[in-house]
$ cat target28.pdb   # PDB, C-alpha atoms, pLDDT in the B column
ATOM      1  CA  MET A  10     120.551  74.333  73.877  1.00 53.00           C
ATOM      2  CA  CYS A  11     117.817  76.950  74.108  1.00 54.00           C
ATOM      3  CA  VAL A  12     116.485  77.776  77.546  1.00 54.00           C
ATOM      4  CA  SER A  13     113.279  79.766  77.843  1.00 55.00           C
ATOM      5  CA  ARG A  14     112.980  82.078  80.821  1.00 53.00           C
ATOM      6  CA  ILE A  15     109.795  82.900  82.641  1.00 53.00           C
ATOM      7  CA  ASN A  16     109.369  86.514  83.727  1.00 52.00           C
ATOM      8  CA  ARG A  17     109.108  86.542  87.516  1.00 57.00           C
ATOM      9  CA  GLN A  18     109.506  90.250  88.075  1.00 56.00           C
ATOM     10  CA  ALA A  19     107.331  93.338  88.043  1.00 59.00           C
ATOM     11  CA  SER A  20     108.363  96.952  87.733  1.00 61.00           C
ATOM     12  CA  ILE A  21     106.765  99.433  90.129  1.00 68.00           C
ATOM     13  CA  ALA A  22     108.117 102.969  89.774  1.00 66.00           C
ATOM     14  CA  ARG A  23     108.164 103.969  93.453  1.00 70.00           C
ATOM     15  CA  GLY A  24     108.832 100.447  94.740  1.00 73.00           C
ATOM     16  CA  ILE A  25     106.959  98.398  97.313  1.00 80.00           C
ATOM     17  CA  ASN A  26     107.042  98.395 101.104  1.00 83.00           C
ATOM     18  CA  THR A  27     105.099  95.212 101.717  1.00 91.00           C
ATOM     19  CA  PHE A  28     103.583  92.217  99.994  1.00 90.00           C
ATOM     20  CA  CYS A  29     101.694  89.044 100.813  1.00 94.00           C
ATOM     21  CA  TYR A  30     100.682  85.878  99.012  1.00 94.00           C
ATOM     22  CA  CYS A  31      97.097  84.624  99.250  1.00 93.00           C
ATOM     23  CA  SER A  32      97.203  80.931  98.410  1.00 92.00           C
ATOM     24  CA  LYS A  33      93.441  80.359  98.236  1.00 92.00           C
ATOM     25  CA  ALA A  34      92.879  83.302  95.859  1.00 90.00           C
ATOM     26  CA  GLN A  35      96.226  82.621  94.144  1.00 92.00           C
ATOM     27  CA  LEU A  36      97.404  86.211  94.075  1.00 94.00           C
ATOM     28  CA  ILE A  37     100.224  88.404  95.288  1.00 93.00           C
ATOM     29  CA  ALA A  38      99.276  91.763  96.803  1.00 95.00           C
ATOM     30  CA  THR A  39     101.796  94.622  96.997  1.00 93.00           C
ATOM     31  CA  GLY A  40     101.643  98.059  98.595  1.00 94.00           C
ATOM     32  CA  GLY A  41     103.958 101.040  98.812  1.00 92.00           C
ATOM     33  CA  CYS A  42     104.532 104.774  98.677  1.00 92.00           C
ATOM     34  CA  ASP A  43     102.095 105.383  95.816  1.00 92.00           C
ATOM     35  CA  LYS A  44      99.146 104.405  98.093  1.00 94.00           C
ATOM     36  CA  THR A  45      97.962 101.720  95.660  1.00 94.00           C
ATOM     37  CA  ILE A  46      97.530  98.006  96.306  1.00 95.00           C
ATOM     38  CA  ARG A  47      98.377  95.955  93.238  1.00 94.00           C
ATOM     39  CA  LEU A  48      97.128  92.405  92.796  1.00 95.00           C
ATOM     40  CA  PHE A  49      99.217  90.071  90.647  1.00 92.00           C
ATOM     41  CA  ASN A  50      98.737  86.589  89.295  1.00 91.00           C
ATOM     42  CA  PRO A  51     101.896  84.842  90.615  1.00 87.00           C
ATOM     43  CA  PHE A  52     102.455  83.207  87.210  1.00 85.00           C
ATOM     44  CA  LEU A  53     102.094  86.440  85.171  1.00 83.00           C
ATOM     45  CA  LEU A  54     103.917  89.269  86.888  1.00 76.00           C
ATOM     46  CA  ASN A  55     104.185  91.530  83.828  1.00 81.00           C
ATOM     47  CA  LYS A  56     101.325  93.752  84.990  1.00 87.00           C
ATOM     48  CA  PRO A  57      98.812  93.747  87.853  1.00 90.00           C
ATOM     49  CA  THR A  58      95.465  92.047  87.363  1.00 92.00           C
ATOM     50  CA  SER A  59      93.800  94.712  89.519  1.00 94.00           C
ATOM     51  CA  LYS A  60      94.546  97.850  91.550  1.00 95.00           C
ATOM     52  CA  LEU A  61      92.895  98.842  94.824  1.00 96.00           C
ATOM     53  CA  THR A  62      92.944 102.563  95.562  1.00 96.00           C
ATOM     54  CA  GLY A  63      91.669 104.555  98.511  1.00 95.00           C
ATOM     55  CA  HIS A  64      94.528 104.952 100.977  1.00 95.00           C
ATOM     56  CA  LEU A  65      95.654 108.553 101.487  1.00 95.00           C
ATOM     57  CA  PHE A  66      99.098 107.658 102.866  1.00 95.00           C
ATOM     58  CA  THR A  67     101.878 105.129 102.240  1.00 94.00           C
ATOM     59  CA  ILE A  68     100.867 101.483 102.663  1.00 96.00           C
ATOM     60  CA  VAL A  69     103.125  99.847 105.252  1.00 96.00           C
ATOM     61  CA  ASP A  70     101.586  96.384 105.714  1.00 96.00           C
ATOM     62  CA  ILE A  71      99.239  93.928 104.011  1.00 97.00           C
ATOM     63  CA  VAL A  72      97.858  90.630 105.294  1.00 97.00           C
ATOM     64  CA  CYS A  73      95.429  88.159 103.762  1.00 96.00           C
ATOM     65  CA  ASN A  74      92.469  86.627 105.588  1.00 96.00           C
ATOM     66  CA  GLU A  75      92.345  83.342 103.653  1.00 94.00           C
ATOM     67  CA  LYS A  76      89.160  82.110 105.341  1.00 95.00           C
ATOM     68  CA  ASP A  77      87.007  85.089 104.367  1.00 95.00           C
ATOM     69  CA  GLN A  78      88.924  85.944 101.166  1.00 95.00           C
ATOM     70  CA  GLN A  79      89.764  89.435 102.402  1.00 96.00           C
ATOM     71  CA  LEU A  80      92.844  91.612 102.274  1.00 97.00           C
ATOM     72  CA  ILE A  81      93.688  93.928 105.180  1.00 97.00           C
ATOM     73  CA  SER A  82      95.981  96.881 104.522  1.00 97.00           C
ATOM     74  CA  LEU A  83      97.545  99.407 106.897  1.00 96.00           C
ATOM     75  CA  SER A  84      98.746 102.902 105.984  1.00 96.00           C
ATOM     76  CA  SER A  85     101.431 104.973 107.716  1.00 94.00           C
ATOM     77  CA  GLU A  86      98.723 107.126 109.322  1.00 93.00           C
ATOM     78  CA  ARG A  87      97.290 104.030 111.082  1.00 93.00           C
ATOM     79  CA  VAL A  88      94.274 103.557 108.825  1.00 95.00           C
ATOM     80  CA  PHE A  89      93.250  99.941 108.227  1.00 96.00           C
ATOM     81  CA  LYS A  90      91.168  98.961 105.217  1.00 97.00           C
ATOM     82  CA  VAL A  91      89.466  95.623 104.666  1.00 97.00           C
ATOM     83  CA  TRP A  92      89.067  94.631 100.987  1.00 97.00           C
ATOM     84  CA  ASP A  93      86.935  91.885  99.464  1.00 96.00           C
ATOM     85  CA  LEU A  94      88.980  89.733  97.058  1.00 94.00           C
ATOM     86  CA  PHE A  95      85.957  88.793  94.934  1.00 92.00           C
ATOM     87  CA  THR A  96      84.619  92.293  94.219  1.00 95.00           C
ATOM     88  CA  TYR A  97      87.832  94.290  94.932  1.00 94.00           C
ATOM     89  CA  LYS A  98      85.750  96.733  97.004  1.00 96.00           C
ATOM     90  CA  CYS A  99      86.653  98.275 100.345  1.00 97.00           C
ATOM     91  CA  LEU A 100      84.396  96.723 102.997  1.00 97.00           C
ATOM     92  CA  GLN A 101      85.512  98.596 106.093  1.00 95.00           C
ATOM     93  CA  VAL A 102      87.800 101.423 107.222  1.00 95.00           C
ATOM     94  CA  ILE A 103      89.259 101.410 110.741  1.00 94.00           C
ATOM     95  CA  ILE A 104      91.060 104.495 112.012  1.00 93.00           C
ATOM     96  CA  LYS A 105      93.390 103.985 114.964  1.00 83.00           C
ATOM     97  CA  ASN A 106      93.488 107.099 117.168  1.00 74.00           C
ATOM     98  CA  ALA A 107      96.809 108.562 118.162  1.00 53.00           C
ATOM     99  CA  LEU A 108      98.165 107.485 121.534  1.00 49.00           C
ATOM    100  CA  ILE A 109      98.190 110.165 124.216  1.00 43.00           C
TER     101      ILE A 109
END
$ encode --input "target28.pdb" --output "structure tokens"
Amino acid sequence: MCVSRINRQASIARGINTFCYCSKAQLIATGGCDKTIRLFNPFLLNKPTSKLTGHLFTIVDIVCNEKDQQLISLSSERVFKVWDLFTYKCLQVIIKNALI
């Protein structure tokens, strides 16, 4: 009996800190120490379908706004970025000031 296996893994050299699944856009977004957000098709995890760059520090969290088809990422230096999932462009940058 021959069983075919489907590849459900991706190799990212420096690893990932966070990920989220956007069901409406049907993609998995990952972020980590290399400051890059990678977008994957959940059925083809061999390589990312797109990369979003622009963070200057480690990405610590990612959430998906399903309604507006946006991705929101947070870096370790408290910088939020809002990304459009149609154009893969950064729409807004929000910098959280340090608490005193």
$ residues_around --input "target28.pdb" --residues "Lys33 (chain A)" --least-positions-apart "6" --cutoff "12 Å" --atoms "only C-alpha atoms" --output "ChimeraX atom specification"
/A:73-80,94-95
$ closest_residue --input "target28.pdb" --among "A:Ile104, A:Cys29, A:Val72, A:Val91" --to "Pro51 (chain A)" --atoms "all atoms listed in the file"
A:Cys29
$ residues_around --input "target28.pdb" --residues "Phe28 (chain A)" --least-positions-apart "6" --cutoff "8 Å" --atoms "only C-alpha atoms" --output "list in words"
Ile37, Ala38, Thr39, Gly40, Asp70, Ile71 and Val72 of chain A
$ closest_residue --input "target28.pdb" --among "A:Ile81, A:Leu36, A:Leu100, A:Ile25" --to "Ser59 (chain A)" --atoms "all atoms listed in the file"
A:Leu36
$ atom_distance --input "target28.pdb" --atom1 "CA of Ile68 (chain A)" --atom2 "CA of Cys99 (chain A)"
14.8 Å
$ atom_distance --input "target28.pdb" --atom1 "CA of Gly24 (chain A)" --atom2 "CA of Lys105 (chain A)"
25.7 Å
$ closest_residue --input "target28.pdb" --among "A:Ser85, A:Phe52, A:Gln101, A:Arg23" --to "Gln35 (chain A)" --atoms "all atoms listed in the file"
A:Phe52
$ atom_distance --input "target28.pdb" --atom1 "CA of Thr45 (chain A)" --atom2 "CA of Gly63 (chain A)"
7.5 Å
$ residues_around --input "target28.pdb" --residues "Phe89 (chain A)" --least-positions-apart "2" --cutoff "6 Å" --atoms "only C-alpha atoms" --output "PDB file with C-alpha atoms, in the frame of the given file"
ATOM      1  CA  SER A  82      95.981  96.881 104.522  1.00 97.00           C
ATOM      2  CA  LEU A  83      97.545  99.407 106.897  1.00 96.00           C
ATOM      3  CA  VAL A 102      87.800 101.423 107.222  1.00 95.00           C
ATOM      4  CA  ILE A 103      89.259 101.410 110.741  1.00 94.00           C
TER       5      ILE A 103
END
$ axis_aligned_box --input "target28.pdb" --around "region 40-43 of chain A" --padding-each-side "6 Å" --output "JSON"
{"center_x": 103.1, "center_y": 101.7, "center_z": 97.3, "size_x": 14.9, "size_y": 19.3, "size_z": 15.0}
$ resolve_selection --input "target28.pdb" --expression "the PyMOL selection byres ((chain A and resi 61) around 8)" --output "list in words"
Thr45, Ile46, Arg47, Leu48, Ser59, Lys60, Thr62, Gly63, Tyr97 and Lys98 of chain A
$ build_atoms --input "target28.pdb" --residues "region 28-57 of chain A" --atoms "N, CA and C atoms" --output "CSV table (one decimal), keeping the file's coordinate frame"
chain,number,residue,atom,x,y,z
A,28,PHE,N,104.3,93.1,100.9
A,28,PHE,CA,103.6,92.2,100.0
A,28,PHE,C,103.1,91.0,100.8
A,29,CYS,N,102.1,90.3,100.2
A,29,CYS,CA,101.7,89.0,100.8
A,29,CYS,C,101.2,88.2,99.7
A,30,TYR,N,101.2,86.9,100.0
A,30,TYR,CA,100.7,85.9,99.0
A,30,TYR,C,99.4,85.2,99.6
A,31,CYS,N,98.3,85.3,98.8
A,31,CYS,CA,97.1,84.6,99.2
A,31,CYS,C,97.0,83.3,98.5
A,32,SER,N,97.2,82.2,99.1
A,32,SER,CA,97.2,80.9,98.4
A,32,SER,C,95.8,80.5,97.9
A,33,LYS,N,94.8,80.8,98.7
A,33,LYS,CA,93.4,80.4,98.2
A,33,LYS,C,93.0,81.2,97.0
A,34,ALA,N,93.3,82.4,97.0
A,34,ALA,CA,92.9,83.3,95.9
A,34,ALA,C,93.9,83.3,94.8
A,35,GLN,N,95.1,82.7,95.1
A,35,GLN,CA,96.2,82.6,94.1
A,35,GLN,C,96.6,84.0,93.6
A,36,LEU,N,97.0,84.9,94.5
A,36,LEU,CA,97.4,86.2,94.1
A,36,LEU,C,98.5,86.8,95.0
A,37,ILE,N,99.2,87.7,94.5
A,37,ILE,CA,100.2,88.4,95.3
A,37,ILE,C,99.7,89.8,95.4
A,38,ALA,N,99.7,90.4,96.6
A,38,ALA,CA,99.3,91.8,96.8
A,38,ALA,C,100.5,92.6,97.2
A,39,THR,N,100.7,93.7,96.6
A,39,THR,CA,101.8,94.6,97.0
A,39,THR,C,101.3,96.0,97.4
A,40,GLY,N,102.0,96.7,98.2
A,40,GLY,CA,101.6,98.1,98.6
A,40,GLY,C,102.9,98.9,98.8
A,41,GLY,N,102.8,100.2,98.6
A,41,GLY,CA,104.0,101.0,98.8
A,41,GLY,C,103.6,102.5,98.9
A,42,CYS,N,104.6,103.3,98.5
A,42,CYS,CA,104.5,104.8,98.7
A,42,CYS,C,103.5,105.4,97.8
A,43,ASP,N,103.1,104.8,96.7
A,43,ASP,CA,102.1,105.4,95.8
A,43,ASP,C,100.7,105.2,96.3
A,44,LYS,N,100.5,104.6,97.5
A,44,LYS,CA,99.1,104.4,98.1
A,44,LYS,C,98.2,103.5,97.3
A,45,THR,N,98.8,102.6,96.5
A,45,THR,CA,98.0,101.7,95.7
A,45,THR,C,98.3,100.3,96.0
A,46,ILE,N,97.3,99.4,96.1
A,46,ILE,CA,97.5,98.0,96.3
A,46,ILE,C,97.4,97.4,94.9
A,47,ARG,N,98.4,96.6,94.5
A,47,ARG,CA,98.4,96.0,93.2
A,47,ARG,C,98.2,94.5,93.5
A,48,LEU,N,97.3,93.8,92.7
A,48,LEU,CA,97.1,92.4,92.8
A,48,LEU,C,97.7,91.8,91.5
A,49,PHE,N,98.5,90.8,91.7
A,49,PHE,CA,99.2,90.1,90.6
A,49,PHE,C,98.9,88.6,90.6
A,50,ASN,N,98.8,88.0,89.5
A,50,ASN,CA,98.7,86.6,89.3
A,50,ASN,C,100.2,86.2,89.5
A,51,PRO,N,100.5,85.2,90.4
A,51,PRO,CA,101.9,84.8,90.6
A,51,PRO,C,102.6,84.2,89.4
A,52,PHE,N,101.9,83.8,88.4
A,52,PHE,CA,102.5,83.2,87.2
A,52,PHE,C,102.6,84.2,86.1
A,53,LEU,N,102.0,85.4,86.2
A,53,LEU,CA,102.1,86.4,85.2
A,53,LEU,C,102.3,87.8,85.9
A,54,LEU,N,103.6,88.1,86.1
A,54,LEU,CA,103.9,89.3,86.9
A,54,LEU,C,104.2,90.5,86.0
A,55,ASN,N,103.9,90.4,84.7
A,55,ASN,CA,104.2,91.5,83.8
A,55,ASN,C,103.4,92.8,84.2
A,56,LYS,N,102.2,92.6,84.6
A,56,LYS,CA,101.3,93.8,85.0
A,56,LYS,C,100.3,93.3,86.0
A,57,PRO,N,99.8,94.2,86.9
A,57,PRO,CA,98.8,93.7,87.9
A,57,PRO,C,97.5,93.4,87.2
